[in-house]
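Trainee: The structure's right below; bear with me while I get my questions together.
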Amino acid sequence: MTALTTQQARAIVDAVLAGPRTDPARRIACAVVDAGGHLLAMAREEEAGPLFGEICQMKAFTCIAVARPTKTLRADAQGHERWLDGIRHVALARMGGALIADEGGDLIHDGEGRVLGAVGVSGEAGYHDEHLAVMAIGAIGLVADAG
């Protein structure tokens with residue numbers, strides 16, 4: 001496989017939204033981008049906070065921009081906050097997107113290890129955003145890199 005399809009991206013979003021919640025009242029958003037960081041599919045549940053749609057897109061974008069899951073970026077930045085601040089400024093100025101260093105942004109690989117895109121989830125606790133993303137990627141037969 002050489003590219004993530006819109007159909008696969010929609011299937012990931014649907015699987016995330018259908019996934020279990022830590023609380024039935026939680027409302028979430030999910031975005032899937034291709035290997036170039038371009039949005040393929042996104043959905044925000046009706047009562048989800050208005051920023052959740054933007055946050056999930058930026059989590060997915062971050063994975064592509066820095067070639068690692070958002071959780072890994074967070075770990076890499078511990079003790080190197082100036083470095084993270086610097087790359088955030090560059091990403092915003094040069095790529096038009098903010099970087100998010102928290103759980104819930106994961107790379108999508110094919111069976112041969114090629115990066116096809118990334119998924120971002122927002123609205124749950126970070127560890128559960130991560131769980132939903134990994135579960136959804138696996139549900140369509142692809143491989144998640146959660147760091």
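In the structure tokens, chains take the letters A, B, ... in the order shown, each chain's residues start at 1, and ligands count up from 1 in the order shown.
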Using DSSP on the backbone coordinates, identify all residues within chain A classified as strand (DSSP E); present the result as a ChimeraX atom specification.

Mentor: /A:29-34,39-44,105-109,115-122,143-145

Trainee: Export, as a PDB file, in the first residue's frame, the selected residues with C-alpha atoms.

Mentor:
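Contents of result.pdb, freshly written:
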ATOM      1  CA  ALA A  29     -13.272  14.503  17.888  1.00  0.00           C
ATOM      2  CA  CYS A  30     -11.000  12.558  15.557  1.00  0.00           C
ATOM      3  CA  ALA A  31      -8.942  13.560  12.515  1.00  0.00           C
ATOM      4  CA  VAL A  32      -6.898  11.544  10.016  1.00  0.00           C
ATOM      5  CA  VAL A  33      -4.221  13.078   7.798  1.00  0.00           C
ATOM      6  CA  ASP A  34      -2.207  11.563   4.971  1.00  0.00           C
ATOM      7  CA  LEU A  39      -6.673  16.252   6.222  1.00  0.00           C
ATOM      8  CA  LEU A  40      -8.516  13.209   4.822  1.00  0.00           C
ATOM      9  CA  ALA A  41     -11.337  12.840   7.361  1.00  0.00           C
ATOM     10  CA  MET A  42     -12.493  14.506  10.559  1.00  0.00           C
ATOM     11  CA  ALA A  43     -15.545  14.390  12.782  1.00  0.00           C
ATOM     12  CA  ARG A  44     -16.454  16.169  16.001  1.00  0.00           C
ATOM     13  CA  GLY A 105      -1.583  11.536  18.098  1.00  0.00           C
ATOM     14  CA  ASP A 106      -0.326   8.345  16.432  1.00  0.00           C
ATOM     15  CA  LEU A 107       1.345   7.452  13.166  1.00  0.00           C
ATOM     16  CA  ILE A 108      -0.329   5.002  10.794  1.00  0.00           C
ATOM     17  CA  HIS A 109       1.932   2.425   9.114  1.00  0.00           C
ATOM     18  CA  VAL A 115       4.112   5.844   7.141  1.00  0.00           C
ATOM     19  CA  LEU A 116       0.716   6.321   5.513  1.00  0.00           C
ATOM     20  CA  GLY A 117      -0.579   9.114   7.720  1.00  0.00           C
ATOM     21  CA  ALA A 118      -1.580   9.885  11.282  1.00  0.00           C
ATOM     22  CA  VAL A 119      -4.630  10.043  13.510  1.00  0.00           C
ATOM     23  CA  GLY A 120      -5.403  12.507  16.284  1.00  0.00           C
ATOM     24  CA  VAL A 121      -8.073  12.131  18.961  1.00  0.00           C
ATOM     25  CA  SER A 122      -9.220  14.768  21.425  1.00  0.00           C
ATOM     26  CA  VAL A 143      -0.318  -0.685  12.250  1.00  0.00           C
ATOM     27  CA  ALA A 144      -0.311   2.062  14.886  1.00  0.00           C
ATOM     28  CA  ASP A 145       2.877   3.673  16.131  1.00  0.00           C
TER      29      ASP A 145
END

Trainee: List every residue of chain A that DSSP, applied to the backbone of this structure, places in alpha helix (DSSP H), and write the result as number ranges by chain.

Mentor: A: 6-18, 52-66, 70-77, 81-90, 126-139

Trainee: Looking at only C-alpha atoms, which of A:Ala98, A:Ala133, A:Ala9, A:Ala15 is the one that sits closest to A:Ile64?

Mentor: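 Using only C-alpha atoms, A:Ile64 sits closest to A:Ala98.
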
Trainee: What's the 12 Å shell around A:Ala91, counting only C-alpha atoms, without same-chain residues fewer than 5 positions away, as JSON, numbers by chain?

Mentor: {"A": [58, 61, 62, 63, 64, 65, 66, 84, 85, 86, 96, 97, 98, 99, 100]}
